[in-house]
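Undergrad: One file is attached below, data-v4.csv, containing CSV, C-alpha atoms and all ligand atoms.
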chain,number,residue,atom,x,y,z
V,307,MET,CA,-9.9,-13.2,6.9
V,308,GLU,CA,-10.7,-15.5,4.0
V,309,LYS,CA,-8.8,-14.8,0.8
V,310,PRO,CA,-11.3,-13.7,-1.9
V,311,PHE,CA,-9.4,-15.6,-4.6
V,312,GLU,CA,-6.8,-18.3,-4.2
V,313,THR,CA,-4.6,-16.7,-6.9
V,314,TYR,CA,-5.2,-13.5,-8.7
V,315,PHE,CA,-3.6,-12.4,-12.0
V,316,GLY,CA,-1.5,-9.3,-11.2
V,317,GLY,CA,-2.0,-9.7,-7.4
V,318,LYS,CA,0.6,-8.2,-5.2
V,319,GLY,CA,0.8,-11.2,-2.9
V,320,SER,CA,4.2,-12.6,-3.9
V,321,GLN,CA,6.9,-12.8,-1.2
V,322,GLY,CA,8.8,-9.5,-1.0
V,323,THR,CA,6.3,-7.5,-3.0
V,324,TYR,CA,3.5,-6.8,-0.5
V,325,GLN,CA,6.1,-6.2,2.2
V,326,ALA,CA,8.0,-3.7,0.1
V,327,ILE,CA,4.7,-1.8,-0.6
V,328,ILE,CA,3.5,-1.9,3.0
V,329,ASN,CA,6.9,-0.6,4.3
V,330,HIS,CA,6.2,2.6,2.3
V,331,ILE,CA,2.7,3.3,3.6
V,332,ARG,CA,2.6,6.0,6.2
V,333,PRO,CA,0.1,6.3,9.1
V,334,HIS,CA,-3.4,7.2,7.9
V,335,GLN,CA,-7.0,7.1,9.0
V,336,ARG,CA,-8.6,6.0,5.7
V,337,PHE,CA,-7.2,3.5,3.3
V,338,VAL,CA,-8.5,3.3,-0.3
V,339,GLU,CA,-7.4,0.4,-2.5
V,340,VAL,CA,-8.5,1.7,-5.9
V,341,PHE,CA,-8.1,-1.3,-8.3
V,342,ALA,CA,-8.7,-3.8,-5.5
V,343,GLY,CA,-8.7,-7.3,-7.2
V,344,ASN,CA,-7.7,-9.7,-4.5
V,345,ALA,CA,-7.2,-6.7,-2.1
V,346,THR,CA,-3.8,-8.0,-1.1
V,347,ILE,CA,-2.5,-4.9,0.5
V,348,SER,CA,-5.7,-4.3,2.5
V,349,ARG,CA,-5.6,-7.9,3.7
V,350,LYS,CA,-2.0,-7.9,4.7
V,351,MET,CA,-2.0,-4.5,6.4
V,352,LYS,CA,-3.4,-3.3,9.7
V,353,ARG,CA,-6.9,-1.8,9.2
V,354,ALA,CA,-7.4,1.9,9.1
V,355,ASP,CA,-10.4,3.6,10.7
V,356,GLU,CA,-12.1,3.6,7.3
V,357,ASN,CA,-11.4,1.1,4.5
V,358,ILE,CA,-12.6,1.2,1.0
V,359,LEU,CA,-12.1,-1.2,-1.9
V,360,ILE,CA,-13.0,-0.4,-5.5
V,361,ASP,CA,-13.2,-2.6,-8.5
V,362,LEU,CA,-15.1,-2.3,-11.7
V,363,ASN,CA,-15.7,-6.1,-12.0
V,364,PRO,CA,-19.0,-7.0,-10.2
V,365,THR,CA,-17.9,-10.6,-9.7
V,366,VAL,CA,-14.8,-9.4,-7.9
V,367,CYS,CA,-16.8,-7.0,-5.8
V,368,GLU,CA,-19.3,-9.8,-4.8
V,369,ARG,CA,-16.4,-11.9,-3.5
V,370,LEU,CA,-14.8,-8.9,-1.7
V,371,VAL,CA,-18.1,-8.3,0.1
V,372,GLU,CA,-18.2,-12.0,1.2
V,373,CYS,CA,-14.7,-12.0,2.5
V,374,MET,CA,-13.8,-8.5,3.7
V,375,GLU,CA,-16.1,-7.8,6.6
V,376,GLY,CA,-16.0,-4.2,7.7
V,377,TYR,CA,-14.6,-2.9,4.3
V,378,LYS,CA,-16.7,-0.7,2.1
V,379,VAL,CA,-16.8,-2.3,-1.4
V,380,VAL,CA,-17.5,0.0,-4.3
V,381,ASN,CA,-18.3,-1.4,-7.7
V,382,GLN,CA,-17.3,1.6,-9.8
V,383,SER,CA,-14.5,2.8,-12.1
V,384,GLY,CA,-11.5,3.7,-10.0
V,385,ILE,CA,-11.0,6.8,-12.1
V,386,GLU,CA,-14.6,8.0,-11.4
V,387,PHE,CA,-14.2,7.3,-7.7
V,388,LEU,CA,-11.0,9.4,-7.6
V,389,LYS,CA,-12.6,12.2,-9.6
V,390,ASN,CA,-15.3,12.3,-6.9
V,391,GLU,CA,-12.7,12.5,-4.2
V,392,LEU,CA,-11.6,15.8,-5.8
V,393,ILE,CA,-15.1,17.1,-5.5
V,394,ASN,CA,-15.9,15.7,-2.1
V,395,PRO,CA,-12.5,15.4,-0.3
V,396,SER,CA,-12.4,13.4,2.9
V,397,LEU,CA,-11.3,15.2,6.1
V,398,LEU,CA,-9.5,12.0,7.1
V,399,LYS,CA,-5.8,11.5,6.4
V,400,THR,CA,-6.1,9.2,3.4
V,401,ALA,CA,-3.7,6.7,1.7
V,402,TYR,CA,-4.7,5.6,-1.8
V,403,PHE,CA,-3.1,2.5,-3.1
V,404,ILE,CA,-3.5,2.5,-6.9
V,405,ASP,CA,-2.7,-0.8,-8.8
V,406,PRO,CA,-4.4,-0.6,-12.2
V,407,PRO,CA,-4.2,-3.2,-14.9
V,408,TYR,CA,-0.8,-2.3,-16.4
V,409,LEU,CA,-0.4,-0.8,-19.9
V,410,MET,CA,-0.7,-3.7,-22.4
V,411,GLU,CA,2.6,-2.8,-24.1
V,412,THR,CA,4.5,-3.3,-20.9
V,413,ARG,CA,3.1,-6.8,-20.2
V,414,LYS,CA,4.8,-10.1,-21.0
V,415,SER,CA,1.8,-12.3,-20.4
V,416,ALA,CA,-1.2,-12.4,-22.7
V,417,ASN,CA,-3.6,-12.7,-19.8
V,418,GLN,CA,-6.4,-10.2,-19.7
V,419,TYR,CA,-8.8,-8.9,-17.0
V,420,GLU,CA,-12.4,-8.7,-17.8
V,421,PHE,CA,-12.0,-5.0,-17.4
V,422,GLU,CA,-8.9,-3.3,-18.7
V,423,LEU,CA,-7.8,0.3,-19.1
V,424,ILE,CA,-7.2,1.8,-22.5
V,425,PRO,CA,-4.1,4.2,-22.8
V,426,ALA,CA,-6.4,7.2,-22.7
V,427,GLU,CA,-7.8,6.0,-19.3
V,428,HIS,CA,-4.3,5.6,-18.0
V,429,GLU,CA,-3.7,9.2,-18.8
V,430,GLU,CA,-7.1,10.2,-17.2
V,431,LEU,CA,-6.0,8.2,-14.1
V,432,LEU,CA,-2.7,10.0,-13.9
V,433,GLN,CA,-4.3,13.4,-14.4
V,434,VAL,CA,-6.7,12.8,-11.4
V,435,ALA,CA,-3.8,11.4,-9.3
V,436,VAL,CA,-1.8,14.5,-9.8
V,437,LYS,CA,-4.7,16.7,-8.8
V,438,LEU,CA,-5.2,14.6,-5.6
V,439,ASP,CA,-1.6,15.3,-4.6
V,440,ASN,CA,-1.9,17.4,-1.4
V,441,PRO,CA,-0.7,17.0,2.2
V,442,ASN,CA,-3.9,15.2,3.3
V,443,ASN,CA,-3.5,12.5,0.7
V,444,ASP,CA,-0.7,9.9,0.4
V,445,LEU,CA,-0.8,8.3,-3.1
V,446,LEU,CA,1.0,5.2,-4.1
V,447,ILE,CA,0.8,4.1,-7.7
V,448,CYS,CA,2.1,0.8,-9.2
V,449,THR,CA,3.1,0.3,-12.8
V,450,TYR,CA,5.6,-1.5,-15.0
V,451,PRO,CA,8.3,0.9,-16.2
V,452,HIS,CA,6.8,3.3,-18.8
V,453,ASP,CA,7.5,6.9,-19.8
V,454,LEU,CA,3.8,7.8,-19.6
V,455,TYR,CA,3.9,7.3,-15.8
V,456,LYS,CA,7.3,8.9,-15.4
V,457,ASP,CA,6.3,12.0,-17.3
V,458,TYR,CA,3.0,12.5,-15.5
V,459,LEU,CA,4.5,11.8,-12.1
V,460,LYS,CA,7.6,13.9,-12.5
V,461,GLY,CA,8.8,15.0,-9.1
V,462,TRP,CA,7.2,12.0,-7.3
V,463,PHE,CA,9.4,9.5,-5.5
V,464,LEU,CA,10.1,6.4,-7.5
V,465,TYR,CA,10.8,3.1,-5.7
V,466,GLU,CA,11.9,0.3,-8.0
V,467,TYR,CA,11.5,-3.3,-6.9
V,468,GLN,CA,11.5,-6.8,-8.4
V,469,SER,CA,8.3,-8.8,-8.2
V,470,THR,CA,7.8,-12.5,-8.9
V,471,THR,CA,5.1,-12.8,-11.6
V,472,ARG,CA,3.8,-15.8,-13.6
V,473,GLY,CA,6.1,-14.7,-16.3
V,474,GLY,CA,9.2,-14.7,-14.0
V,475,LEU,CA,10.9,-11.8,-12.3
V,476,ALA,CA,9.7,-8.3,-13.3
V,477,THR,CA,10.8,-4.8,-12.5
V,478,GLU,CA,8.0,-2.8,-11.1
V,479,TRP,CA,7.7,0.9,-10.2
V,480,LEU,CA,6.0,2.3,-7.1
V,481,PHE,CA,5.4,6.0,-7.4
V,482,MET,CA,4.7,8.0,-4.2
V,483,ASN,CA,3.8,11.7,-3.8
V,484,TYR,CA,6.2,11.9,-0.8
V,485,HIS,CA,9.9,11.2,-0.6
V,486,GLU,CA,11.2,8.0,1.0
V,487,SER,CA,13.0,10.2,3.6
V,488,ASP,CA,9.6,11.6,4.6
V,489,ILE,CA,8.6,8.1,5.9
V,490,THR,CA,9.4,8.6,9.6
V,491,ASP,CA,6.6,6.4,10.8
V,492,LEU,CA,4.7,3.4,9.2
V,493,HIS,CA,1.0,2.5,9.4
V,494,ASP,CA,2.0,-1.2,10.0
V,495,TYR,CA,5.4,-2.4,11.2
V,496,THR,CA,4.5,-6.2,10.8
V,497,HIS,CA,6.5,-6.5,7.6
V,498,LEU,CA,9.5,-4.4,8.5
V,499,GLY,CA,12.8,-5.4,6.8
V,500,GLY,CA,14.2,-5.1,3.3
V,501,GLY,CA,14.3,-8.9,2.6
V,502,HIS,CA,13.3,-12.2,4.1
V,503,ARG,CA,16.4,-12.5,6.2
V,504,GLU,CA,16.2,-9.0,7.6
V,505,ARG,CA,12.5,-9.5,8.4
V,506,GLN,CA,13.3,-12.8,10.2
V,507,LEU,CA,16.1,-11.1,12.2
V,508,TYR,CA,13.8,-8.3,13.3
V,509,ARG,CA,11.1,-10.8,14.4
V,510,LYS,CA,13.7,-12.8,16.4
V,511,LYS,CA,15.1,-9.7,18.0
V,512,MET,CA,11.6,-8.4,18.8
V,513,LYS,CA,10.7,-11.8,20.5
V,514,ARG,CA,13.9,-11.7,22.5
V,515,TRP,CA,13.4,-8.1,23.6
V,516,LEU,CA,9.8,-8.8,24.6
V,517,GLU,CA,10.8,-11.9,26.6
V,518,ASN,CA,13.5,-9.9,28.5
V,519,PHE,CA,11.0,-7.1,29.1
V,520,GLY,CA,8.4,-9.5,30.5
V,521,GLU,CA,10.9,-10.8,33.0
V,522,LEU,CA,11.4,-7.4,34.6
V,523,PRO,CA,9.5,-6.3,37.7
V,524,GLN,CA,6.2,-4.7,36.9
V,525,LEU,CA,7.1,-1.2,38.2
V,526,PHE,CA,10.4,-1.3,36.3
V,527,GLN,CA,8.5,-2.2,33.1
V,528,ASN,CA,6.4,0.9,33.6
V,529,GLN,CA,9.4,3.1,34.2
V,530,LEU,CA,11.3,1.7,31.2
V,531,LEU,CA,8.2,2.1,29.0
V,532,ALA,CA,7.8,5.8,30.1
V,533,GLU,CA,11.5,6.4,29.3
V,534,LEU,CA,11.2,4.8,25.9
V,535,LEU,CA,8.2,6.8,25.0
V,536,LYS,CA,9.9,10.0,26.1
V,537,GLU,CA,12.9,9.1,24.0
V,538,HIS,CA,10.7,8.2,21.0
V,539,GLN,CA,8.9,11.6,21.3
V,540,ILE,CA,12.2,13.5,21.4
V,541,ARG,CA,13.5,11.7,18.3
V,542,ARG,CA,10.2,12.4,16.4
V,543,GLU,CA,10.5,16.1,17.3
V,544,VAL,CA,14.0,16.2,16.0
V,545,MET,CA,13.0,14.4,12.7
V,546,LYS,CA,10.2,17.0,12.0
L,1,LIG,C1,-3.6,-5.4,-11.1
L,1,LIG,S1,-5.2,-5.9,-10.6
L,1,LIG,C2,-5.2,-5.5,-8.9
L,1,LIG,C3,-4.6,-6.5,-8.1
L,1,LIG,C4,-4.6,-6.2,-6.6
L,1,LIG,N1,-3.7,-5.0,-6.3
L,1,LIG,C5,-4.2,-7.3,-5.7
L,1,LIG,O1,-3.1,-7.3,-5.1
L,1,LIG,O2,-4.9,-8.3,-5.7
L,1,LIG,C6,-6.2,-4.7,-11.3
L,1,LIG,C7,-7.7,-4.7,-11.0
L,1,LIG,O3,-8.3,-3.6,-11.6
L,1,LIG,C8,-9.7,-3.9,-11.9
L,1,LIG,N2,-10.1,-2.9,-12.9
L,1,LIG,C9,-9.9,-2.8,-14.2
L,1,LIG,N3,-10.4,-1.7,-14.7
L,1,LIG,C10,-10.9,-1.0,-13.6
L,1,LIG,C11,-11.5,0.3,-13.5
L,1,LIG,N4,-11.6,1.1,-14.5
L,1,LIG,N5,-11.8,0.7,-12.2
L,1,LIG,C12,-11.6,-0.1,-11.2
L,1,LIG,N6,-11.1,-1.3,-11.2
L,1,LIG,C13,-10.7,-1.7,-12.5
L,1,LIG,C14,-9.6,-5.3,-12.4
L,1,LIG,O4,-10.8,-5.9,-12.3
L,1,LIG,C15,-8.5,-5.9,-11.5
L,1,LIG,O5,-9.1,-6.5,-10.4
Could I get this file's structure written as structure tokens?

TA:
Amino acid sequence: MEKPFETYFGGKGSQGTYQAIINHIRPHQRFVEVFAGNATISRKMKRADENILIDLNPTVCERLVECMEGYKVVNQSGIEFLKNELINPSLLKTAYFIDPPYLMETRKSANQYEFELIPAEHEELLQVAVKLDNPNNDLLICTYPHDLYKDYLKGWFLYEYQSTTRGGLATEWLFMNYHESDITDLHDYTHLGGGHRERQLYRKKMKRWLENFGELPQLFQNQLLAELLKEHQIRREVMK
């Protein structure tokens, strides 16, 4: 899949950042990237049955249409889109990834998007997000640390991480309407691991396990697979 933009201000593509986010996204049927920009999370993650990208900038949307085949691109305000979700909720289990332009006062860089949110719009966004909080919707919201988000999203799980930005290392917040301990399954395991080393170790182990598995006689592979699935099912029942 071609990258819509080689680099994108505020994009979530830096090493460690997109992995941290994807490792908090639970299984879903419908994925909505609300302030899409370079659509980093959608591009790096396994597709859902239905995929939607929203950005208010028409030039960004044109590029997304060119590059992101099979994704529905909506040139609309993310806030309006979310308000409409309240009126016409989807029956599909939906994960919303919400990465708005951050509050001006929290930013180090003077860079600006063609379309920005004024503080009142941040409040409007947070009010809609809180209303969308129900068991059918997983909501993930990014921001730089700020009381406005903390106050509105009281009771939500807060995951803090460091991201590499053009202005250097920055602390970012990822709010979720479910607790980290409720993540018993992931939508995409490709980026599993808390850091580069751990991810590399997992990949190596996976490769070794698969090689060993491939060397077993076919019928034994089938039996082992059945046992593993049974064990997996038992563990999931226990975790419920
Ligand atoms: C932080 S960037 C998103 C970066 C993206 N997550 C990525 O990894 O590439 C914010 C995006 O929000 C868009 N935007 C600004 N105001 C908007 C609005 N009201 N509704 C939807 N999109 C908006 C901007 O055009 C910009 O692309």

Undergrad: Grab the atom CA of Lys511 of chain V to atom CA of Met351 of chain V distance for me, in Å with one decimal place.

TA: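 So the two atoms, atom CA of Lys511 of chain V and atom CA of Met351 of chain V, lie 21.3 Å apart.
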
Undergrad: From the set V:Phe526, V:Phe337, V:Phe519, V:Phe387, which residue has the shortest atom-to-atom contact distance to ligand LIG 1 (chain L), counting all atoms listed in the file?

TA: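 Ranking V:Phe526, V:Phe337, V:Phe519, V:Phe387 by distance to ligand LIG 1 (chain L), first place goes to V:Phe387.
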
Undergrad: Would you please work out which residue, of V:Tyr495, V:Tyr508, V:Phe315, V:Tyr465, is nearest to Pro406 of chain V when using only C-alpha atoms?

TA: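 Closest to Pro406 of chain V, using only C-alpha atoms: V:Phe315.
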
Undergrad: Hey, what's within 7 Å of segment 344-349 of chain V if we count only C-alpha atoms and toss same-chain stuff fewer than 3 positions away? As a list in words, please?

TA: Pro310, Phe311, Tyr314, Gly317, Lys318, Gly319 and Tyr324 of chain V

Undergrad: Fewer than 4 positions away in the same chain doesn't count, so skip those; otherwise give me all residues within 10 Å of Pro395 of chain V, counting all atoms listed in the file, as a list in words.

TA: Leu388, Lys389, Asn390, Glu391, Thr400, Leu438, Asn442 and Asn443 of chain V

Undergrad: Select the residues contacting ligand LIG 1 (chain L) at a distance of at most 9 Å, based on only C-alpha atoms and all ligand atoms, then format the selection as a PDB file with C-alpha atoms, keeping the file's coordinate frame.

TA:
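Just written: out-v3.pdb:
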ATOM      1  CA  PHE V 311      -9.400 -15.600  -4.600  1.00  0.00           C
ATOM      2  CA  THR V 313      -4.600 -16.700  -6.900  1.00  0.00           C
ATOM      3  CA  TYR V 314      -5.200 -13.500  -8.700  1.00  0.00           C
ATOM      4  CA  PHE V 315      -3.600 -12.400 -12.000  1.00  0.00           C
ATOM      5  CA  GLY V 316      -1.500  -9.300 -11.200  1.00  0.00           C
ATOM      6  CA  GLY V 317      -2.000  -9.700  -7.400  1.00  0.00           C
ATOM      7  CA  LYS V 318       0.600  -8.200  -5.200  1.00  0.00           C
ATOM      8  CA  GLY V 319       0.800 -11.200  -2.900  1.00  0.00           C
ATOM      9  CA  TYR V 324       3.500  -6.800  -0.500  1.00  0.00           C
ATOM     10  CA  GLU V 339      -7.400   0.400  -2.500  1.00  0.00           C
ATOM     11  CA  VAL V 340      -8.500   1.700  -5.900  1.00  0.00           C
ATOM     12  CA  PHE V 341      -8.100  -1.300  -8.300  1.00  0.00           C
ATOM     13  CA  ALA V 342      -8.700  -3.800  -5.500  1.00  0.00           C
ATOM     14  CA  GLY V 343      -8.700  -7.300  -7.200  1.00  0.00           C
ATOM     15  CA  ASN V 344      -7.700  -9.700  -4.500  1.00  0.00           C
ATOM     16  CA  ALA V 345      -7.200  -6.700  -2.100  1.00  0.00           C
ATOM     17  CA  THR V 346      -3.800  -8.000  -1.100  1.00  0.00           C
ATOM     18  CA  ILE V 347      -2.500  -4.900   0.500  1.00  0.00           C
ATOM     19  CA  SER V 348      -5.700  -4.300   2.500  1.00  0.00           C
ATOM     20  CA  ILE V 360     -13.000  -0.400  -5.500  1.00  0.00           C
ATOM     21  CA  ASP V 361     -13.200  -2.600  -8.500  1.00  0.00           C
ATOM     22  CA  LEU V 362     -15.100  -2.300 -11.700  1.00  0.00           C
ATOM     23  CA  ASN V 363     -15.700  -6.100 -12.000  1.00  0.00           C
ATOM     24  CA  PRO V 364     -19.000  -7.000 -10.200  1.00  0.00           C
ATOM     25  CA  THR V 365     -17.900 -10.600  -9.700  1.00  0.00           C
ATOM     26  CA  VAL V 366     -14.800  -9.400  -7.900  1.00  0.00           C
ATOM     27  CA  CYS V 367     -16.800  -7.000  -5.800  1.00  0.00           C
ATOM     28  CA  ASN V 381     -18.300  -1.400  -7.700  1.00  0.00           C
ATOM     29  CA  GLN V 382     -17.300   1.600  -9.800  1.00  0.00           C
ATOM     30  CA  SER V 383     -14.500   2.800 -12.100  1.00  0.00           C
ATOM     31  CA  GLY V 384     -11.500   3.700 -10.000  1.00  0.00           C
ATOM     32  CA  ILE V 385     -11.000   6.800 -12.100  1.00  0.00           C
ATOM     33  CA  GLU V 386     -14.600   8.000 -11.400  1.00  0.00           C
ATOM     34  CA  PHE V 387     -14.200   7.300  -7.700  1.00  0.00           C
ATOM     35  CA  PHE V 403      -3.100   2.500  -3.100  1.00  0.00           C
ATOM     36  CA  ILE V 404      -3.500   2.500  -6.900  1.00  0.00           C
ATOM     37  CA  ASP V 405      -2.700  -0.800  -8.800  1.00  0.00           C
ATOM     38  CA  PRO V 406      -4.400  -0.600 -12.200  1.00  0.00           C
ATOM     39  CA  PRO V 407      -4.200  -3.200 -14.900  1.00  0.00           C
ATOM     40  CA  TYR V 408      -0.800  -2.300 -16.400  1.00  0.00           C
ATOM     41  CA  TYR V 419      -8.800  -8.900 -17.000  1.00  0.00           C
ATOM     42  CA  GLU V 420     -12.400  -8.700 -17.800  1.00  0.00           C
ATOM     43  CA  PHE V 421     -12.000  -5.000 -17.400  1.00  0.00           C
ATOM     44  CA  GLU V 422      -8.900  -3.300 -18.700  1.00  0.00           C
ATOM     45  CA  LEU V 423      -7.800   0.300 -19.100  1.00  0.00           C
ATOM     46  CA  GLU V 427      -7.800   6.000 -19.300  1.00  0.00           C
ATOM     47  CA  CYS V 448       2.100   0.800  -9.200  1.00  0.00           C
ATOM     48  CA  THR V 449       3.100   0.300 -12.800  1.00  0.00           C
TER      49      THR V 449
END

Undergrad: Can you pull out the residues contacting segment 451-456 of chain V? Cut-off 8 Å, using all atoms listed in the file, and skip same-chain residues under 6 positions away; I want them as an mmCIF file with C-alpha atoms, in the coordinates of the input.

TA:
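For reference, out37.cif as written:
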data_model
loop_
_atom_site.group_PDB
_atom_site.id
_atom_site.type_symbol
_atom_site.label_atom_id
_atom_site.label_comp_id
_atom_site.auth_asym_id
_atom_site.auth_seq_id
_atom_site.Cartn_x
_atom_site.Cartn_y
_atom_site.Cartn_z
ATOM 1 C CA THR V 412 4.500 -3.300 -20.900
ATOM 2 C CA GLU V 429 -3.700 9.200 -18.800
ATOM 3 C CA LEU V 432 -2.700 10.000 -13.900
ATOM 4 C CA THR V 477 10.800 -4.800 -12.500
ATOM 5 C CA GLU V 478 8.000 -2.800 -11.100
ATOM 6 C CA TRP V 479 7.700 0.900 -10.200
#

Undergrad: Would you kindly return, as a list of chain:residue names, each protein, DNA or RNA residue with an atom no farther than 8 Å from any atom of His334 of chain V, considering only C-alpha atoms and excluding same-chain residues fewer than 2 positions away?

TA: V:Arg332, V:Arg336, V:Phe337, V:Ala354, V:Leu398, V:Lys399, V:Thr400, V:Ala401, V:His493

Undergrad: Next, the residues of the selection above should be written as a PDB file, in the coordinates of the input with C-alpha atoms.

TA:
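Below is the file that was written, selection_2.pdb:
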ATOM      1  CA  ARG V 332       2.600   6.000   6.200  1.00  0.00           C
ATOM      2  CA  ARG V 336      -8.600   6.000   5.700  1.00  0.00           C
ATOM      3  CA  PHE V 337      -7.200   3.500   3.300  1.00  0.00           C
ATOM      4  CA  ALA V 354      -7.400   1.900   9.100  1.00  0.00           C
ATOM      5  CA  LEU V 398      -9.500  12.000   7.100  1.00  0.00           C
ATOM      6  CA  LYS V 399      -5.800  11.500   6.400  1.00  0.00           C
ATOM      7  CA  THR V 400      -6.100   9.200   3.400  1.00  0.00           C
ATOM      8  CA  ALA V 401      -3.700   6.700   1.700  1.00  0.00           C
ATOM      9  CA  HIS V 493       1.000   2.500   9.400  1.00  0.00           C
TER      10      HIS V 493
END

Undergrad: Can you fill out segment 460-479 of chain V with N, CA and C atoms and hand it back as a PDB file, keeping the file's coordinate frame?

TA:
ATOM      1  N   LYS V 460       6.264  13.255 -12.674  1.00  0.00           N
ATOM      2  CA  LYS V 460       7.600  13.900 -12.500  1.00  0.00           C
ATOM      3  C   LYS V 460       7.625  14.551 -11.112  1.00  0.00           C
ATOM      4  N   GLY V 461       8.710  14.380 -10.406  1.00  0.00           N
ATOM      5  CA  GLY V 461       8.800  15.000  -9.100  1.00  0.00           C
ATOM      6  C   GLY V 461       8.336  14.045  -7.978  1.00  0.00           C
ATOM      7  N   TRP V 462       7.618  12.975  -8.342  1.00  0.00           N
ATOM      8  CA  TRP V 462       7.200  12.000  -7.300  1.00  0.00           C
ATOM      9  C   TRP V 462       8.373  11.089  -7.034  1.00  0.00           C
ATOM     10  N   PHE V 463       8.338  10.468  -5.859  1.00  0.00           N
ATOM     11  CA  PHE V 463       9.400   9.500  -5.500  1.00  0.00           C
ATOM     12  C   PHE V 463       9.175   8.207  -6.215  1.00  0.00           C
ATOM     13  N   LEU V 464      10.232   7.675  -6.806  1.00  0.00           N
ATOM     14  CA  LEU V 464      10.100   6.400  -7.500  1.00  0.00           C
ATOM     15  C   LEU V 464      10.898   5.321  -6.800  1.00  0.00           C
ATOM     16  N   TYR V 465      10.186   4.300  -6.356  1.00  0.00           N
ATOM     17  CA  TYR V 465      10.800   3.100  -5.700  1.00  0.00           C
ATOM     18  C   TYR V 465      10.734   1.980  -6.708  1.00  0.00           C
ATOM     19  N   GLU V 466      11.885   1.427  -7.043  1.00  0.00           N
ATOM     20  CA  GLU V 466      11.900   0.300  -8.000  1.00  0.00           C
ATOM     21  C   GLU V 466      12.089  -0.991  -7.262  1.00  0.00           C
ATOM     22  N   TYR V 467      11.303  -1.999  -7.583  1.00  0.00           N
ATOM     23  CA  TYR V 467      11.500  -3.300  -6.900  1.00  0.00           C
ATOM     24  C   TYR V 467      11.257  -4.422  -7.918  1.00  0.00           C
ATOM     25  N   GLN V 468      11.706  -5.612  -7.518  1.00  0.00           N
ATOM     26  CA  GLN V 468      11.500  -6.800  -8.400  1.00  0.00           C
ATOM     27  C   GLN V 468      10.351  -7.589  -7.814  1.00  0.00           C
ATOM     28  N   SER V 469       9.434  -7.994  -8.688  1.00  0.00           N
ATOM     29  CA  SER V 469       8.300  -8.800  -8.200  1.00  0.00           C
ATOM     30  C   SER V 469       8.336 -10.150  -8.954  1.00  0.00           C
ATOM     31  N   THR V 470       7.849 -11.191  -8.273  1.00  0.00           N
ATOM     32  CA  THR V 470       7.800 -12.500  -8.900  1.00  0.00           C
ATOM     33  C   THR V 470       6.389 -12.573  -9.586  1.00  0.00           C
ATOM     34  N   THR V 471       6.381 -12.727 -10.894  1.00  0.00           N
ATOM     35  CA  THR V 471       5.100 -12.800 -11.600  1.00  0.00           C
ATOM     36  C   THR V 471       5.037 -14.206 -12.264  1.00  0.00           C
ATOM     37  N   ARG V 472       3.877 -14.508 -12.878  1.00  0.00           N
ATOM     38  CA  ARG V 472       3.800 -15.800 -13.600  1.00  0.00           C
ATOM     39  C   ARG V 472       4.765 -15.888 -14.719  1.00  0.00           C
ATOM     40  N   GLY V 473       5.169 -14.737 -15.229  1.00  0.00           N
ATOM     41  CA  GLY V 473       6.100 -14.700 -16.300  1.00  0.00           C
ATOM     42  C   GLY V 473       7.578 -14.620 -15.876  1.00  0.00           C
ATOM     43  N   GLY V 474       7.822 -14.752 -14.580  1.00  0.00           N
ATOM     44  CA  GLY V 474       9.200 -14.700 -14.000  1.00  0.00           C
ATOM     45  C   GLY V 474       9.375 -13.357 -13.291  1.00  0.00           C
ATOM     46  N   LEU V 475      10.642 -13.023 -13.016  1.00  0.00           N
ATOM     47  CA  LEU V 475      10.900 -11.800 -12.300  1.00  0.00           C
ATOM     48  C   LEU V 475      10.651 -10.569 -13.129  1.00  0.00           C
ATOM     49  N   ALA V 476      10.035  -9.553 -12.530  1.00  0.00           N
ATOM     50  CA  ALA V 476       9.700  -8.300 -13.300  1.00  0.00           C
ATOM     51  C   ALA V 476      10.071  -7.112 -12.474  1.00  0.00           C
ATOM     52  N   THR V 477      10.569  -6.087 -13.148  1.00  0.00           N
ATOM     53  CA  THR V 477      10.800  -4.800 -12.500  1.00  0.00           C
ATOM     54  C   THR V 477       9.539  -4.030 -12.415  1.00  0.00           C
ATOM     55  N   GLU V 478       9.189  -3.576 -11.219  1.00  0.00           N
ATOM     56  CA  GLU V 478       8.000  -2.800 -11.100  1.00  0.00           C
ATOM     57  C   GLU V 478       8.341  -1.421 -10.475  1.00  0.00           C
ATOM     58  N   TRP V 479       7.539  -0.443 -10.750  1.00  0.00           N
ATOM     59  CA  TRP V 479       7.700   0.900 -10.200  1.00  0.00           C
ATOM     60  C   TRP V 479       6.600   1.176  -9.187  1.00  0.00           C
TER      61      TRP V 479
END
